[in-house]
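> Just work00.tsv, nothing more (TSV, C-alpha atoms):
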```
chain	number	residue	atom	x	y	z
A	1	MET	CA	62.54	4.88	-20.18
A	2	LYS	CA	59.96	5.73	-17.52
A	3	LYS	CA	57.25	5.17	-20.08
A	4	LYS	CA	58.73	1.74	-20.83
A	5	GLU	CA	58.70	0.79	-17.18
A	6	ASN	CA	55.11	1.84	-16.77
A	7	ILE	CA	53.58	0.45	-19.91
A	8	LEU	CA	52.53	-2.85	-18.29
A	9	GLU	CA	51.32	-1.03	-15.20
A	10	GLN	CA	49.16	1.15	-17.41
A	11	VAL	CA	47.41	-1.90	-18.83
A	12	GLY	CA	46.98	-3.46	-15.38
A	13	ARG	CA	46.12	-7.07	-14.62
A	14	ASN	CA	42.66	-7.10	-16.14
A	15	THR	CA	42.48	-9.25	-19.25
A	16	GLY	CA	39.21	-7.89	-20.59
A	17	TYR	CA	37.76	-11.41	-20.76
A	18	LYS	CA	34.40	-12.06	-19.11
A	19	VAL	CA	32.08	-15.01	-18.50
A	20	PRO	CA	28.29	-15.40	-18.60
A	21	GLU	CA	26.43	-14.43	-15.42
A	22	GLY	CA	26.58	-17.18	-12.77
A	23	TYR	CA	28.86	-19.28	-14.97
A	24	PHE	CA	31.04	-20.71	-12.19
A	25	GLU	CA	28.14	-21.67	-9.93
A	26	GLN	CA	26.38	-23.40	-12.80
A	27	PHE	CA	29.59	-25.03	-13.94
A	28	THR	CA	29.99	-26.93	-10.66
A	29	ALA	CA	26.43	-28.33	-10.91
A	30	ARG	CA	26.84	-29.16	-14.62
A	31	MET	CA	30.19	-30.83	-14.02
A	32	THR	CA	28.95	-32.94	-11.10
A	33	GLU	CA	26.06	-34.24	-13.23
A	34	GLN	CA	28.50	-35.29	-15.96
A	35	LEU	CA	30.73	-37.35	-13.73
A	36	PRO	CA	30.42	-41.05	-14.61
A	37	GLU	CA	30.08	-43.71	-11.92
A	38	ARG	CA	33.41	-44.92	-10.58
A	39	ASP	CA	33.98	-48.35	-9.12
A	40	LEU	CA	36.90	-47.91	-6.76
A	41	PRO	CA	37.92	-50.67	-4.34
A	42	LYS	CA	37.05	-49.92	-0.72
A	43	PRO	CA	40.03	-48.46	1.12
A	44	GLU	CA	41.87	-50.92	3.35
A	45	VAL	CA	40.92	-50.50	7.00
A	46	VAL	CA	44.02	-49.66	9.03
A	47	THR	CA	43.84	-51.50	12.38
A	48	THR	CA	46.01	-50.94	15.46
A	49	TRP	CA	47.89	-54.14	14.55
A	50	HIS	CA	48.75	-52.65	11.11
A	51	LYS	CA	50.04	-49.48	12.76
A	52	LEU	CA	52.09	-51.31	15.42
A	53	ARG	CA	53.42	-54.07	13.17
A	54	PRO	CA	56.55	-52.28	11.88
A	55	TYR	CA	57.58	-51.26	15.42
A	56	LEU	CA	57.06	-54.77	16.76
A	57	TYR	CA	59.10	-56.24	13.92
A	58	MET	CA	61.88	-53.78	14.66
A	59	ALA	CA	61.82	-54.59	18.40
A	60	ALA	CA	61.98	-58.33	17.60
A	61	MET	CA	64.97	-57.73	15.33
A	62	PHE	CA	66.86	-55.83	18.04
A	63	ALA	CA	66.00	-58.53	20.60
A	64	GLY	CA	67.41	-61.14	18.20
A	65	ILE	CA	70.64	-59.19	17.75
A	66	TRP	CA	70.98	-58.79	21.55
A	67	LEU	CA	70.41	-62.53	22.04
A	68	MET	CA	73.09	-63.40	19.47
A	69	LEU	CA	75.55	-61.07	21.22
A	70	GLN	CA	74.82	-62.84	24.51
A	71	VAL	CA	75.34	-66.31	23.03
A	72	PHE	CA	78.40	-65.77	20.82
A	73	VAL	CA	80.24	-62.65	21.99
A	74	ALA	CA	79.82	-62.64	25.82
A	75	PRO	CA	81.77	-65.92	26.52
A	76	VAL	CA	84.72	-64.66	24.47
A	77	VAL	CA	84.79	-61.41	26.46
A	78	GLU	CA	84.66	-63.45	29.71
A	79	ALA	CA	87.69	-65.52	28.63
A	80	ASP	CA	89.56	-62.37	27.70
A	81	LYS	CA	88.93	-61.01	31.21
A	82	GLU	CA	90.69	-64.00	32.84
A	83	LEU	CA	93.69	-63.57	30.56
A	84	THR	CA	93.87	-59.85	31.27
A	85	ALA	CA	93.76	-60.49	35.02
A	86	ALA	CA	96.60	-62.98	34.73
A	87	ILE	CA	98.79	-60.63	32.70
A	88	GLU	CA	98.33	-57.89	35.29
A	89	GLN	CA	100.32	-59.98	37.88
A	90	GLU	CA	104.01	-58.95	37.31
A	91	GLU	CA	105.50	-62.02	39.03
A	92	ASP	CA	103.45	-64.31	36.87
A	93	ILE	CA	104.75	-62.62	33.74
A	94	GLU	CA	108.38	-62.99	34.85
A	95	GLU	CA	107.83	-66.63	35.71
A	96	TYR	CA	106.14	-67.18	32.37
A	97	MET	CA	109.01	-65.48	30.52
A	98	LEU	CA	111.68	-67.52	32.27
A	99	TYR	CA	109.74	-70.69	31.68
A	100	SER	CA	109.33	-70.06	27.99
A	101	MET	CA	113.04	-69.10	27.35
A	102	ASP	CA	115.85	-71.60	26.82
A	103	ASP	CA	119.13	-71.35	28.74
A	104	TYR	CA	121.07	-69.86	25.84
A	105	THR	CA	118.60	-66.94	25.52
A	106	ILE	CA	118.69	-66.31	29.29
A	107	PHE	CA	122.51	-66.10	29.32
A	108	GLU	CA	122.54	-63.92	26.25
A	109	THR	CA	120.05	-61.52	27.87
A	110	LEU	CA	122.06	-61.38	31.12
A	111	TYR	CA	125.29	-60.79	29.13
A	112	ALA	CA	123.67	-57.96	27.19
A	113	ASP	CA	122.42	-56.37	30.42
A	114	CYS	CA	125.99	-56.42	31.90
A	115	GLU	CA	127.39	-54.66	28.85
B	1	MET	CA	25.67	-23.62	2.96
B	2	THR	CA	28.92	-24.83	1.33
B	3	PRO	CA	31.18	-26.66	3.81
B	4	LEU	CA	34.57	-25.03	4.44
B	5	TYR	CA	37.24	-26.39	2.13
B	6	ASN	CA	39.89	-28.44	3.92
B	7	GLU	CA	42.28	-30.02	1.42
B	8	GLU	CA	43.46	-32.78	3.76
B	9	ILE	CA	39.93	-33.95	4.49
B	10	VAL	CA	38.90	-33.60	0.84
B	11	ILE	CA	41.83	-35.75	-0.31
B	12	GLU	CA	40.94	-38.43	2.24
B	13	LYS	CA	37.34	-38.41	1.05
B	14	LEU	CA	38.44	-38.58	-2.60
B	15	HIS	CA	39.96	-42.00	-1.95
B	16	ASN	CA	36.82	-43.39	-0.36
B	17	PRO	CA	34.17	-44.63	-2.85
B	18	ASP	CA	31.36	-43.56	-0.52
B	19	THR	CA	32.48	-39.92	-0.27
B	20	MET	CA	34.50	-39.29	-3.44
B	21	ARG	CA	31.67	-37.74	-5.48
B	22	GLN	CA	30.81	-35.20	-2.81
B	23	ALA	CA	34.51	-34.42	-2.27
B	24	PHE	CA	35.08	-33.99	-6.00
B	25	THR	CA	32.21	-31.48	-6.19
B	26	GLN	CA	34.08	-29.48	-3.54
B	27	VAL	CA	37.24	-29.68	-5.66
B	28	VAL	CA	35.40	-28.40	-8.76
B	29	GLU	CA	33.91	-25.58	-6.73
B	30	HIS	CA	37.26	-24.65	-5.19
B	31	TYR	CA	39.54	-24.86	-8.24
B	32	GLY	CA	37.09	-24.34	-11.13
B	33	GLU	CA	37.47	-20.59	-11.45
B	34	ARG	CA	41.27	-20.52	-11.15
B	35	LEU	CA	41.70	-23.27	-13.73
B	36	TYR	CA	39.16	-21.65	-16.05
B	37	TRP	CA	41.11	-18.38	-16.19
B	38	GLN	CA	44.37	-20.22	-16.69
B	39	ILE	CA	42.90	-22.04	-19.70
B	40	ARG	CA	40.96	-19.03	-21.01
B	41	LYS	CA	44.06	-16.83	-21.16
B	42	MET	CA	45.71	-19.46	-23.34
B	43	VAL	CA	42.83	-20.34	-25.70
B	44	VAL	CA	41.03	-16.94	-25.69
B	45	SER	CA	37.55	-18.26	-26.54
B	46	HIS	CA	35.09	-18.81	-23.67
B	47	GLU	CA	33.49	-21.85	-25.34
B	48	ASP	CA	36.86	-23.56	-25.81
B	49	ALA	CA	37.89	-22.74	-22.26
B	50	ASP	CA	34.60	-24.21	-20.98
B	51	ASP	CA	35.15	-27.45	-22.96
B	52	LEU	CA	38.75	-27.76	-21.77
B	53	LEU	CA	37.80	-27.13	-18.16
B	54	GLN	CA	35.24	-29.94	-18.36
B	55	ASN	CA	37.84	-32.24	-19.93
B	56	THR	CA	40.31	-31.33	-17.19
B	57	PHE	CA	37.91	-32.28	-14.41
B	58	LEU	CA	36.74	-35.43	-16.23
B	59	LYS	CA	40.35	-36.58	-16.59
B	60	ALA	CA	40.99	-35.85	-12.92
B	61	TRP	CA	37.85	-37.76	-11.91
B	62	ASN	CA	38.68	-40.79	-14.07
B	63	ASN	CA	42.23	-40.93	-12.74
B	64	ILE	CA	41.65	-39.94	-9.16
B	65	GLU	CA	43.36	-43.09	-7.86
B	66	MET	CA	46.57	-41.92	-9.61
B	67	PHE	CA	46.68	-38.84	-7.41
B	68	ARG	CA	49.06	-39.33	-4.50
B	69	ALA	CA	48.18	-37.58	-1.26
B	70	GLU	CA	51.74	-36.32	-0.78
B	71	ALA	CA	51.44	-34.12	-3.91
B	72	ARG	CA	49.35	-30.97	-3.98
B	73	LEU	CA	45.94	-31.26	-5.58
B	74	SER	CA	46.27	-27.82	-7.17
B	75	THR	CA	49.56	-28.78	-8.87
B	76	TRP	CA	48.04	-32.01	-10.19
B	77	LEU	CA	44.95	-30.22	-11.56
B	78	TYR	CA	47.02	-27.41	-13.11
B	79	ARG	CA	49.19	-29.99	-14.84
B	80	ILE	CA	46.16	-31.70	-16.35
B	81	ALA	CA	44.75	-28.32	-17.43
B	82	VAL	CA	48.06	-27.26	-19.03
B	83	ASN	CA	48.33	-30.58	-20.90
B	84	GLU	CA	44.76	-30.29	-22.15
B	85	THR	CA	45.41	-26.72	-23.29
B	86	ILE	CA	48.63	-27.58	-25.13
B	87	THR	CA	46.96	-30.54	-26.88
B	88	PHE	CA	44.07	-28.27	-27.91
B	89	LEU	CA	46.41	-25.55	-29.25
B	90	ASN	CA	48.40	-28.10	-31.26
B	91	ARG	CA	45.14	-29.40	-32.77
B	92	GLU	CA	44.00	-25.86	-33.59
B	93	ARG	CA	47.31	-25.03	-35.27
B	94	GLN	CA	46.99	-28.16	-37.38
B	95	ARG	CA	43.36	-27.40	-38.24
B	96	ASN	CA	44.32	-23.87	-39.33
B	97	ASN	CA	47.44	-25.04	-41.17
B	98	ILE	CA	49.67	-22.97	-38.94
B	99	SER	CA	53.29	-23.96	-38.57
B	100	ILE	CA	54.78	-24.64	-35.16
B	101	ASP	CA	57.11	-21.62	-35.58
B	102	THR	CA	54.29	-19.16	-36.18
B	103	ASP	CA	52.76	-17.38	-33.20
B	104	ASP	CA	49.24	-17.96	-31.87
B	105	SER	CA	47.83	-14.55	-32.82
B	106	PHE	CA	45.26	-16.37	-35.04
B	107	LEU	CA	43.43	-17.06	-31.75
B	108	LEU	CA	42.52	-13.37	-31.57
B	109	ASN	CA	41.12	-13.16	-35.11
B	110	ASN	CA	37.54	-12.62	-34.03
B	111	ILE	CA	38.10	-11.30	-30.54
B	112	GLU	CA	36.58	-7.90	-31.22
B	113	ALA	CA	33.30	-9.58	-32.17
B	114	ASP	CA	33.47	-11.94	-29.17
B	115	GLU	CA	30.63	-11.20	-26.75
B	116	TRP	CA	32.79	-12.46	-23.87
B	117	PHE	CA	35.49	-9.87	-24.38
B	118	ASP	CA	34.92	-6.29	-23.31
B	119	GLY	CA	38.50	-5.10	-22.90
B	120	ASP	CA	39.63	-1.65	-24.01
B	121	GLU	CA	42.18	-0.88	-26.69
B	122	LEU	CA	45.14	-1.28	-24.35
B	123	GLN	CA	43.93	-4.63	-22.98
B	124	LEU	CA	43.39	-5.90	-26.51
B	125	ARG	CA	46.94	-4.87	-27.40
B	126	LEU	CA	48.28	-6.68	-24.37
B	127	GLN	CA	46.45	-9.85	-25.41
B	128	LYS	CA	47.85	-9.50	-28.92
B	129	ALA	CA	51.34	-9.13	-27.48
B	130	ILE	CA	50.86	-12.24	-25.33
B	131	THR	CA	49.67	-14.43	-28.20
B	132	ARG	CA	52.85	-13.53	-30.10
B	133	LEU	CA	54.97	-15.17	-27.43
B	134	PRO	CA	56.17	-18.78	-27.63
B	135	GLU	CA	53.79	-21.17	-25.85
B	136	LYS	CA	55.96	-21.75	-22.77
B	137	GLN	CA	56.61	-18.03	-22.29
B	138	ARG	CA	52.87	-17.37	-22.56
B	139	LEU	CA	52.15	-19.93	-19.85
B	140	VAL	CA	54.79	-18.49	-17.56
B	141	PHE	CA	53.75	-14.89	-18.20
B	142	ASN	CA	50.05	-15.63	-17.52
B	143	MET	CA	50.78	-17.52	-14.32
B	144	ARG	CA	53.20	-14.92	-13.00
B	145	TYR	CA	51.73	-11.64	-14.22
B	146	PHE	CA	47.98	-12.22	-13.93
B	147	ASP	CA	47.77	-14.91	-11.22
B	148	GLU	CA	50.89	-13.73	-9.32
B	149	MET	CA	51.89	-17.34	-8.73
B	150	LYS	CA	55.19	-18.13	-7.01
B	151	TYR	CA	58.01	-19.34	-9.25
B	152	GLU	CA	58.29	-22.47	-7.08
B	153	ASP	CA	54.64	-23.35	-7.77
B	154	ILE	CA	54.99	-22.69	-11.50
B	155	SER	CA	58.12	-24.83	-11.47
B	156	GLU	CA	56.19	-27.78	-9.99
B	157	ILE	CA	53.42	-27.44	-12.56
B	158	LEU	CA	55.58	-27.00	-15.65
B	159	GLY	CA	58.51	-29.14	-14.52
B	160	THR	CA	60.99	-26.33	-15.31
B	161	SER	CA	63.66	-24.94	-13.01
B	162	VAL	CA	63.00	-21.65	-11.20
B	163	GLY	CA	66.00	-20.06	-12.93
B	164	ALA	CA	64.69	-20.96	-16.38
B	165	LEU	CA	61.24	-19.64	-15.44
B	166	LYS	CA	62.68	-16.33	-14.29
B	167	ALA	CA	64.54	-16.00	-17.58
B	168	SER	CA	61.38	-16.92	-19.51
B	169	TYR	CA	59.34	-14.32	-17.64
B	170	HIS	CA	62.01	-11.67	-18.16
B	171	HIS	CA	62.10	-12.31	-21.94
B	172	ALA	CA	58.31	-12.38	-22.14
B	173	THR	CA	57.94	-9.08	-20.29
B	174	LYS	CA	60.58	-7.43	-22.47
B	175	LYS	CA	58.91	-8.59	-25.69
B	176	ILE	CA	55.48	-7.45	-24.50
B	177	GLU	CA	56.77	-4.03	-23.46
B	178	GLU	CA	58.50	-3.61	-26.82
B	179	TYR	CA	55.33	-4.59	-28.66
B	180	LEU	CA	53.17	-2.24	-26.62
B	181	LEU	CA	55.59	0.65	-27.06
B	182	ALA	CA	55.94	0.05	-30.80
B	183	ALA	CA	52.19	0.09	-31.22
B	184	ASP	CA	51.90	3.22	-29.07
```
Is it possible to express this structure as structure tokens?

Amino acid sequence: MKKKENILEQVGRNTGYKVPEGYFEQFTARMTEQLPERDLPKPEVVTTWHKLRPYLYMAAMFAGIWLMLQVFVAPVVEADKELTAAIEQEEDIEEYMLYSMDDYTIFETLYADCE
Amino acid sequence: MTPLYNEEIVIEKLHNPDTMRQAFTQVVEHYGERLYWQIRKMVVSHEDADDLLQNTFLKAWNNIEMFRAEARLSTWLYRIAVNETITFLNRERQRNNISIDTDDSFLLNNIEADEWFDGDELQLRLQKAITRLPEKQRLVFNMRYFDEMKYEDISEILGTSVGALKASYHHATKKIEEYLLAAD
């Protein structure tokens, strides 16, 4: 079993393959000479405007949303505030209740309270 | 003196027509040897490995705009080299009328007479054992055993999961050990 475990270690990591002297140095020079001309388009120049553009667009979008909230949502909230303030006055509520009930309902309520 | 290799700078230069040739020379210099040995271990012959290495770099040069900076240059080059090697081996099998199910030991037919092989008896036996493996297992074994590459890197190159690679390597090692022991 030990022999089995060691058999690959005995061989080691050397393949036994070799290359001509100076092959890799010469290969680089040979390869570079073989490379055909390439006609790539010039890379696009990235200006500060290009870099800032997405952030500016995002800021404009948020400003737009804020403006819409101011125009459409704020007046509604303001109206709600007046209503809330009115409801908080207990006397006003009682007066409002009495005003909105008919006589029959008032008597019925009083009768129920006495019971 | 050769400038120090900085992959980030080299990649940037590769995408600029004015600097791409100089940057590519740096790439050939940096990766040439590693890719050569990867190919050589698969095709055995030095001449074939030399041709395939040239083809690999020519393909990379002609398609340099396809390389995306977010990927690793080494992975991209290894992939091209592996594809070139597999295509070559398929062609060789066809040329020698060898079925897809038969192993690639025909590659070692003249190895003892090859002036670019000076391995001893044990090394020759190891090479024989490797050529008997299925193609994928050979690739995995060479990358892991000789180059000591990480499974994650091999996975990126071969597009196979790490688990499958580990299993492949395990099977390959077992088969090689059995072959070596049987021939002992």
> Counting all atoms listed in the file, collect the residues of chain B whose closest atom lies at most 7 Å from chain A, and write them out as a list in words.
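The answer, sorted by residue number, is Asn16, Pro17, Thr25, Val28, Glu29, Glu33, Gln54, Leu58, Trp116, Phe117, Asp118, Gly119, Leu122, Gln123, Phe146 and Glu177 of chain B.
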> Figure out the distance between atom CA of Leu158 of chain B and atom CA of Met66 of chain B, please, to one decimal in Å.
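Taking atom CA of Met66 of chain B and atom CA of Leu158 of chain B, their separation equals 18.4 Å.
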> Select, from B:Met42, B:Val140, B:Ile111, B:Leu181, the residue with the minimum atom-to-atom distance to Ala167 of chain B, counting all atoms listed in the file.
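Result for the nearest residue to Ala167 of chain B: B:Val140.
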> Can you tell me, as a VMD selection string, what residues are no more than 12 Å from segment 92-98 of chain B when counting all atoms listed in the file, ignoring any on the same chain fewer than 6 positions away?
chain B and resid 43 48 85 to 86 104 to 107 109
> Work out how far atom CA of Gln137 of chain B is from atom CA of Asp101 of chain B, in Å to one decimal.
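Interatomic distance, atom CA of Asp101 of chain B to atom CA of Gln137 of chain B: 13.8 Å.
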> Give me the residues near Ile130 of chain B as a list in words, where near means some atom within 9 Å (using only C-alpha atoms) and where sequence neighbours in that chain fewer than 5 positions away do not count.
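The neighbour list is Asp104, Ser105, Arg125, Gln137, Arg138, Phe141, Asn142, Ala172, Lys175 and Ile176 of chain B.
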> Which value, in Å to one decimal, gives the distance between atom CA of Glu7 of chain B and atom CA of Asn55 of chain B?
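Distance between the two atoms: 21.9 Å.
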> From (54.9, -22.0, -31.5), in the file's coordinates, out to 8 Å: which residues are reached, counting all atoms listed in the file? Answer as an mmCIF file with C-alpha atoms, in the coordinates of the input.

```cif
data_model
loop_
_atom_site.group_PDB
_atom_site.id
_atom_site.type_symbol
_atom_site.label_atom_id
_atom_site.label_comp_id
_atom_site.auth_asym_id
_atom_site.auth_seq_id
_atom_site.Cartn_x
_atom_site.Cartn_y
_atom_site.Cartn_z
ATOM 1 C CA SER B 99 53.290 -23.960 -38.570
ATOM 2 C CA ILE B 100 54.780 -24.640 -35.160
ATOM 3 C CA ASP B 101 57.110 -21.620 -35.580
ATOM 4 C CA THR B 102 54.290 -19.160 -36.180
ATOM 5 C CA ASP B 103 52.760 -17.380 -33.200
ATOM 6 C CA ASP B 104 49.240 -17.960 -31.870
ATOM 7 C CA LEU B 133 54.970 -15.170 -27.430
ATOM 8 C CA PRO B 134 56.170 -18.780 -27.630
ATOM 9 C CA GLU B 135 53.790 -21.170 -25.850
#
```
> All heavy atoms are what I want for segment 94-105 of chain A; can you complete it accordingly and write them as a PDB file, in the coordinates of the input?

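Output file selection.pdb is given in full below:
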```
ATOM      1  N   GLU A  94     106.959 -62.642  34.783  1.00  0.00           N
ATOM      2  CA  GLU A  94     108.380 -62.990  34.850  1.00  0.00           C
ATOM      3  C   GLU A  94     108.568 -64.491  34.817  1.00  0.00           C
ATOM      4  O   GLU A  94     109.395 -65.022  34.075  1.00  0.00           O
ATOM      5  CB  GLU A  94     108.976 -62.429  36.132  1.00  0.00           C
ATOM      6  CG  GLU A  94     109.947 -61.307  35.857  1.00  0.00           C
ATOM      7  CD  GLU A  94     110.398 -60.633  37.125  1.00  0.00           C
ATOM      8  OE1 GLU A  94     110.900 -61.346  38.011  1.00  0.00           O
ATOM      9  OE2 GLU A  94     110.216 -59.401  37.209  1.00  0.00           O
ATOM     10  N   GLU A  95     107.763 -65.169  35.635  1.00  0.00           N
ATOM     11  CA  GLU A  95     107.830 -66.630  35.710  1.00  0.00           C
ATOM     12  C   GLU A  95     107.547 -67.257  34.343  1.00  0.00           C
ATOM     13  O   GLU A  95     108.244 -68.146  33.891  1.00  0.00           O
ATOM     14  CB  GLU A  95     106.785 -67.114  36.714  1.00  0.00           C
ATOM     15  CG  GLU A  95     107.106 -68.481  37.287  1.00  0.00           C
ATOM     16  CD  GLU A  95     106.120 -68.834  38.369  1.00  0.00           C
ATOM     17  OE1 GLU A  95     106.065 -68.096  39.383  1.00  0.00           O
ATOM     18  OE2 GLU A  95     105.378 -69.809  38.173  1.00  0.00           O
ATOM     19  N   TYR A  96     106.538 -66.671  33.682  1.00  0.00           N
ATOM     20  CA  TYR A  96     106.140 -67.180  32.370  1.00  0.00           C
ATOM     21  C   TYR A  96     107.248 -66.995  31.346  1.00  0.00           C
ATOM     22  O   TYR A  96     107.582 -67.876  30.578  1.00  0.00           O
ATOM     23  CB  TYR A  96     104.853 -66.466  31.917  1.00  0.00           C
ATOM     24  CG  TYR A  96     104.468 -66.755  30.486  1.00  0.00           C
ATOM     25  CD1 TYR A  96     103.849 -67.978  30.157  1.00  0.00           C
ATOM     26  CD2 TYR A  96     104.736 -65.847  29.461  1.00  0.00           C
ATOM     27  CE1 TYR A  96     103.499 -68.251  28.849  1.00  0.00           C
ATOM     28  CE2 TYR A  96     104.395 -66.113  28.150  1.00  0.00           C
ATOM     29  CZ  TYR A  96     103.767 -67.320  27.849  1.00  0.00           C
ATOM     30  OH  TYR A  96     103.439 -67.596  26.556  1.00  0.00           O
ATOM     31  N   MET A  97     107.934 -65.793  31.454  1.00  0.00           N
ATOM     32  CA  MET A  97     109.010 -65.480  30.520  1.00  0.00           C
ATOM     33  C   MET A  97     110.183 -66.444  30.710  1.00  0.00           C
ATOM     34  O   MET A  97     110.726 -66.984  29.744  1.00  0.00           O
ATOM     35  CB  MET A  97     109.510 -64.037  30.731  1.00  0.00           C
ATOM     36  CG  MET A  97     108.497 -62.975  30.401  1.00  0.00           C
ATOM     37  SD  MET A  97     108.312 -62.742  28.650  1.00  0.00           S
ATOM     38  CE  MET A  97     109.726 -61.727  28.322  1.00  0.00           C
ATOM     39  N   LEU A  98     110.550 -66.639  31.982  1.00  0.00           N
ATOM     40  CA  LEU A  98     111.680 -67.520  32.270  1.00  0.00           C
ATOM     41  C   LEU A  98     111.399 -68.952  31.832  1.00  0.00           C
ATOM     42  O   LEU A  98     112.255 -69.646  31.300  1.00  0.00           O
ATOM     43  CB  LEU A  98     112.002 -67.505  33.774  1.00  0.00           C
ATOM     44  CG  LEU A  98     112.669 -66.222  34.282  1.00  0.00           C
ATOM     45  CD1 LEU A  98     112.757 -66.243  35.792  1.00  0.00           C
ATOM     46  CD2 LEU A  98     114.076 -66.069  33.666  1.00  0.00           C
ATOM     47  N   TYR A  99     110.131 -69.331  32.026  1.00  0.00           N
ATOM     48  CA  TYR A  99     109.740 -70.690  31.680  1.00  0.00           C
ATOM     49  C   TYR A  99     109.787 -70.917  30.186  1.00  0.00           C
ATOM     50  O   TYR A  99     110.219 -71.965  29.713  1.00  0.00           O
ATOM     51  CB  TYR A  99     108.326 -70.941  32.227  1.00  0.00           C
ATOM     52  CG  TYR A  99     107.796 -72.310  31.901  1.00  0.00           C
ATOM     53  CD1 TYR A  99     108.248 -73.443  32.605  1.00  0.00           C
ATOM     54  CD2 TYR A  99     106.851 -72.468  30.896  1.00  0.00           C
ATOM     55  CE1 TYR A  99     107.757 -74.693  32.281  1.00  0.00           C
ATOM     56  CE2 TYR A  99     106.357 -73.719  30.579  1.00  0.00           C
ATOM     57  CZ  TYR A  99     106.808 -74.827  31.281  1.00  0.00           C
ATOM     58  OH  TYR A  99     106.331 -76.058  30.966  1.00  0.00           O
ATOM     59  N   SER A 100     109.434 -69.869  29.446  1.00  0.00           N
ATOM     60  CA  SER A 100     109.330 -70.060  27.990  1.00  0.00           C
ATOM     61  C   SER A 100     110.677 -69.820  27.274  1.00  0.00           C
ATOM     62  O   SER A 100     110.797 -70.074  26.094  1.00  0.00           O
ATOM     63  CB  SER A 100     108.261 -69.136  27.405  1.00  0.00           C
ATOM     64  OG  SER A 100     108.598 -67.812  27.735  1.00  0.00           O
ATOM     65  N   MET A 101     111.731 -69.333  28.000  1.00  0.00           N
ATOM     66  CA  MET A 101     113.040 -69.100  27.350  1.00  0.00           C
ATOM     67  C   MET A 101     113.966 -70.284  27.570  1.00  0.00           C
ATOM     68  O   MET A 101     113.921 -70.902  28.642  1.00  0.00           O
ATOM     69  CB  MET A 101     113.703 -67.845  27.943  1.00  0.00           C
ATOM     70  CG  MET A 101     113.215 -66.560  27.382  1.00  0.00           C
ATOM     71  SD  MET A 101     114.271 -65.269  28.018  1.00  0.00           S
ATOM     72  CE  MET A 101     113.141 -63.971  28.236  1.00  0.00           C
ATOM     73  N   ASP A 102     114.839 -70.540  26.578  1.00  0.00           N
ATOM     74  CA  ASP A 102     115.850 -71.600  26.820  1.00  0.00           C
ATOM     75  C   ASP A 102     117.065 -70.987  27.514  1.00  0.00           C
ATOM     76  O   ASP A 102     117.169 -69.758  27.631  1.00  0.00           O
ATOM     77  CB  ASP A 102     116.227 -72.281  25.487  1.00  0.00           C
ATOM     78  CG  ASP A 102     116.706 -71.291  24.455  1.00  0.00           C
ATOM     79  OD1 ASP A 102     117.199 -70.221  24.865  1.00  0.00           O
ATOM     80  OD2 ASP A 102     116.567 -71.563  23.255  1.00  0.00           O
ATOM     81  N   ASP A 103     117.985 -71.835  27.967  1.00  0.00           N
ATOM     82  CA  ASP A 103     119.130 -71.350  28.740  1.00  0.00           C
ATOM     83  C   ASP A 103     119.981 -70.365  27.960  1.00  0.00           C
ATOM     84  O   ASP A 103     120.472 -69.371  28.486  1.00  0.00           O
ATOM     85  CB  ASP A 103     120.012 -72.553  29.177  1.00  0.00           C
ATOM     86  CG  ASP A 103     119.265 -73.384  30.209  1.00  0.00           C
ATOM     87  OD1 ASP A 103     118.228 -72.861  30.728  1.00  0.00           O
ATOM     88  OD2 ASP A 103     119.695 -74.516  30.476  1.00  0.00           O
ATOM     89  N   TYR A 104     120.229 -70.704  26.696  1.00  0.00           N
ATOM     90  CA  TYR A 104     121.070 -69.860  25.840  1.00  0.00           C
ATOM     91  C   TYR A 104     120.534 -68.426  25.804  1.00  0.00           C
ATOM     92  O   TYR A 104     121.277 -67.467  25.984  1.00  0.00           O
ATOM     93  CB  TYR A 104     121.143 -70.456  24.434  1.00  0.00           C
ATOM     94  CG  TYR A 104     121.941 -69.612  23.490  1.00  0.00           C
ATOM     95  CD1 TYR A 104     123.355 -69.631  23.539  1.00  0.00           C
ATOM     96  CD2 TYR A 104     121.316 -68.753  22.571  1.00  0.00           C
ATOM     97  CE1 TYR A 104     124.077 -68.830  22.683  1.00  0.00           C
ATOM     98  CE2 TYR A 104     122.047 -67.963  21.727  1.00  0.00           C
ATOM     99  CZ  TYR A 104     123.431 -68.007  21.772  1.00  0.00           C
ATOM    100  OH  TYR A 104     124.150 -67.209  20.922  1.00  0.00           O
ATOM    101  N   THR A 105     119.219 -68.275  25.611  1.00  0.00           N
ATOM    102  CA  THR A 105     118.600 -66.940  25.520  1.00  0.00           C
ATOM    103  C   THR A 105     118.740 -66.203  26.855  1.00  0.00           C
ATOM    104  O   THR A 105     119.016 -65.002  26.884  1.00  0.00           O
ATOM    105  CB  THR A 105     117.103 -67.097  25.153  1.00  0.00           C
ATOM    106  OG1 THR A 105     116.977 -68.056  24.137  1.00  0.00           O
ATOM    107  CG2 THR A 105     116.496 -65.769  24.713  1.00  0.00           C
TER     108      THR A 105
END
```
